[in-house]
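Comments concern the structure below.
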Amino acid sequence: DGGITQSPKYLFRKEGQNVTLSCEQNLNHDAMYWYRQDPGQGLRLIYYSQIVNDFQKGDIAEGYSVSREKKESFPLTVTSAQKNPTAFYLCASSPRDRAEYNEQFFGPGTRLTVL
Amino acid sequence: DAKTTQPTSMDCAEGRAANLPCNHSTISGNEYVYWYRQIHSQGPQYIIHGLKNNETNEMASLIITEDRKSSTLILPHATLRDTAVYYCIVRGKTSYDKVIFGPGTSLSVIP
């Protein structure tokens, strides 16, 4: 089945440790995104990538890093510099330029808890 | 990207139509209206989109006003499984446009 996978669904880490969240898609989409969601709030964009080996900061990139070495993969690293990393993290992808519209497909999310 | 405003929460009786409003008064001519929903602790799910004409699919209908400054998502026969947060978003048709998710409307379908 085509789709986006994120693993693991729940992740626990000690304060001060870096942690990498995986995101894989087999939809052949060029664009991929990382969002953060805090309780009762909407999604905030962390990083996005339009094409392999290229990515841009979103609205809340501080304390995060990404890479885009393969079209199907867009891992997010939450570094120790992120002051409040406990959150629900969502990955999404979309076709780069469709003639008519451009919906995003979301993964199931990873809930990160820093102890 | 234009911003949207939605009511914080709404209730709907099971089996009734749920009408979710959205204001997007600063929408530009080439921006589409999208609706997504998010069931608790899952990723958002695409529902429907439109530019200026009303749209209908198997999940919902989208009514866009003639001036395009507001729209309404209609779930014709709400079920308990439709309880979710519904997001109204406007964006252009290229993936270079960032998607801005507001807090959305929390819809509770009541038995």
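In the structure tokens, chains take the letters A, B, ... in the order shown, each chain's residues start at 1, and ligands count up from 1 in the order shown.
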Would you give me, as a Markdown table, each residue of chain A having an atom within 12 Å of an atom of chain B, along with its shortest atom pair and that distance in Å to one decimal, using only C-alpha atoms and sorting by chain and residue number?
```
| residue | atom | partner | partner_atom | distance |
| --- | --- | --- | --- | --- |
| A:Gly3 | CA | B:Gly43 | CA | 12.0 |
| A:Ile4 | CA | B:Gly43 | CA | 10.2 |
| A:Thr5 | CA | B:Gly43 | CA | 10.7 |
| A:Gln6 | CA | B:Gly43 | CA | 10.3 |
| A:Lys9 | CA | B:Ser41 | CA | 9.9 |
| A:Tyr10 | CA | B:Ser41 | CA | 10.9 |
| A:His29 | CA | B:Ser95 | CA | 10.3 |
| A:Asp30 | CA | B:Ser95 | CA | 8.9 |
| A:Ala31 | CA | B:Ser95 | CA | 6.7 |
| A:Met32 | CA | B:Ser95 | CA | 9.2 |
| A:Tyr33 | CA | B:Lys98 | CA | 9.2 |
| A:Trp34 | CA | B:Val99 | CA | 11.1 |
| A:Tyr35 | CA | B:Phe101 | CA | 9.8 |
| A:Arg36 | CA | B:Phe101 | CA | 10.8 |
| A:Gln37 | CA | B:Pro103 | CA | 10.0 |
| A:Asp38 | CA | B:Pro103 | CA | 10.4 |
| A:Pro39 | CA | B:Ser41 | CA | 9.9 |
| A:Gly40 | CA | B:Pro103 | CA | 7.2 |
| A:Gln41 | CA | B:Pro103 | CA | 5.0 |
| A:Gly42 | CA | B:Pro103 | CA | 4.2 |
| A:Leu43 | CA | B:Phe101 | CA | 5.3 |
| A:Arg44 | CA | B:Phe101 | CA | 7.0 |
| A:Leu45 | CA | B:Ile100 | CA | 7.8 |
| A:Ile46 | CA | B:Lys98 | CA | 10.8 |
| A:Tyr47 | CA | B:Lys98 | CA | 10.1 |
| A:Tyr48 | CA | B:Lys98 | CA | 8.5 |
| A:Ser49 | CA | B:Tyr96 | CA | 9.0 |
| A:Gln50 | CA | B:Tyr96 | CA | 7.0 |
| A:Ile51 | CA | B:Ser95 | CA | 10.5 |
| A:Phe55 | CA | B:Tyr96 | CA | 11.1 |
| A:Gln56 | CA | B:Tyr96 | CA | 10.3 |
| A:Lys57 | CA | B:Lys98 | CA | 10.8 |
| A:Gly58 | CA | B:Lys98 | CA | 8.4 |
| A:Asp59 | CA | B:Ile100 | CA | 9.9 |
| A:Ala87 | CA | B:Ser41 | CA | 11.1 |
| A:Phe88 | CA | B:Ser41 | CA | 8.0 |
| A:Tyr89 | CA | B:Gly43 | CA | 9.2 |
| A:Leu90 | CA | B:Gly43 | CA | 6.6 |
| A:Cys91 | CA | B:Gly43 | CA | 8.4 |
| A:Ala92 | CA | B:Gly43 | CA | 8.8 |
| A:Ser93 | CA | B:Ser95 | CA | 9.4 |
| A:Ser94 | CA | B:Ser95 | CA | 6.9 |
| A:Pro95 | CA | B:Ser95 | CA | 7.0 |
| A:Arg96 | CA | B:Ser95 | CA | 5.1 |
| A:Asp97 | CA | B:Thr94 | CA | 5.1 |
| A:Arg98 | CA | B:Thr94 | CA | 6.9 |
| A:Ala99 | CA | B:Lys93 | CA | 7.6 |
| A:Glu100 | CA | B:Lys93 | CA | 6.5 |
| A:Tyr101 | CA | B:Lys93 | CA | 4.8 |
| A:Asn102 | CA | B:Lys93 | CA | 5.5 |
| A:Glu103 | CA | B:Tyr46 | CA | 7.1 |
| A:Gln104 | CA | B:Tyr46 | CA | 7.2 |
| A:Phe105 | CA | B:Gln45 | CA | 7.2 |
| A:Phe106 | CA | B:Gly43 | CA | 5.4 |
| A:Gly107 | CA | B:Gly43 | CA | 5.6 |
| A:Pro108 | CA | B:Gly43 | CA | 4.6 |
| A:Gly109 | CA | B:Gly43 | CA | 5.8 |
| A:Thr110 | CA | B:Ser41 | CA | 9.1 |
| A:Arg111 | CA | B:Ser41 | CA | 8.5 |
```
**OP:** Find the residues near Leu73 of chain B: any atom within 6 Å, counting only C-alpha atoms, skip ones fewer than 5 places away on the same chain, and give them as a PyMOL selection string.
**Re:** chain B and resi 19-20+61-62
Original post:
With distances taken over only C-alpha atoms, which of A:Asn53, A:Ser65, A:Thr86, A:Gln25 is nearest to Leu115 of chain A?
Top reply: A:Thr86
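Proximity to Lys3 of chain B at 8 Å, evaluated using only C-alpha atoms and with sequence-adjacent residues fewer than 6 positions away removed, yields His24, Thr26, Ile27, Ile89, Val90 and Ile100 of chain B.
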**OP:** Just the strand (DSSP E or B) stuff from segment 17-95 of chain B, please, per backbone DSSP, written as a VMD selection string.
**Re:** chain B and resid 18 to 23 32 to 38 45 to 50 55 to 56 61 to 64 70 to 75 84 to 91 94
Taking 4 positions as the minimum chain separation for residues in the same chain, which residues sit within 8 Å of Glu69 of chain A when counting only C-alpha atoms? Answer as a PDB file with all heavy atoms, in the first residue's frame.
```pdb
ATOM      1  N   VAL A  52      15.105  16.526  -3.319  1.00  0.00           N
ATOM      2  CA  VAL A  52      16.246  15.863  -2.668  1.00  0.00           C
ATOM      3  C   VAL A  52      17.412  16.841  -2.521  1.00  0.00           C
ATOM      4  O   VAL A  52      17.668  17.660  -3.406  1.00  0.00           O
ATOM      5  CB  VAL A  52      16.665  14.627  -3.490  1.00  0.00           C
ATOM      6  CG1 VAL A  52      17.937  14.005  -2.918  1.00  0.00           C
ATOM      7  CG2 VAL A  52      15.557  13.596  -3.502  1.00  0.00           C
ATOM      8  N   ASN A  53      18.084  16.740  -1.379  1.00  0.00           N
ATOM      9  CA  ASN A  53      19.265  17.557  -1.051  1.00  0.00           C
ATOM     10  C   ASN A  53      18.955  19.037  -0.898  1.00  0.00           C
ATOM     11  O   ASN A  53      19.867  19.880  -0.970  1.00  0.00           O
ATOM     12  CB  ASN A  53      20.382  17.365  -2.093  1.00  0.00           C
ATOM     13  CG  ASN A  53      20.958  15.957  -2.051  1.00  0.00           C
ATOM     14  OD1 ASN A  53      21.111  15.371  -0.971  1.00  0.00           O
ATOM     15  ND2 ASN A  53      21.272  15.417  -3.210  1.00  0.00           N
ATOM     16  N   SER A  73      12.757   9.637   1.963  1.00  0.00           N
ATOM     17  CA  SER A  73      13.060   9.718   3.384  1.00  0.00           C
ATOM     18  C   SER A  73      13.367  11.153   3.814  1.00  0.00           C
ATOM     19  O   SER A  73      14.121  11.869   3.133  1.00  0.00           O
ATOM     20  CB  SER A  73      14.256   8.811   3.684  1.00  0.00           C
ATOM     21  OG  SER A  73      14.608   8.884   5.043  1.00  0.00           O
ATOM     22  N   PHE A  74      12.839  11.553   4.968  1.00  0.00           N
ATOM     23  CA  PHE A  74      13.043  12.918   5.474  1.00  0.00           C
ATOM     24  C   PHE A  74      13.126  12.857   7.009  1.00  0.00           C
ATOM     25  O   PHE A  74      12.211  13.272   7.716  1.00  0.00           O
ATOM     26  CB  PHE A  74      11.880  13.796   5.024  1.00  0.00           C
ATOM     27  CG  PHE A  74      12.068  15.280   5.240  1.00  0.00           C
ATOM     28  CD1 PHE A  74      13.291  15.900   5.009  1.00  0.00           C
ATOM     29  CD2 PHE A  74      10.999  16.075   5.641  1.00  0.00           C
ATOM     30  CE1 PHE A  74      13.451  17.265   5.191  1.00  0.00           C
ATOM     31  CE2 PHE A  74      11.143  17.442   5.818  1.00  0.00           C
ATOM     32  CZ  PHE A  74      12.370  18.045   5.592  1.00  0.00           C
TER      33      PHE A  74
END
```
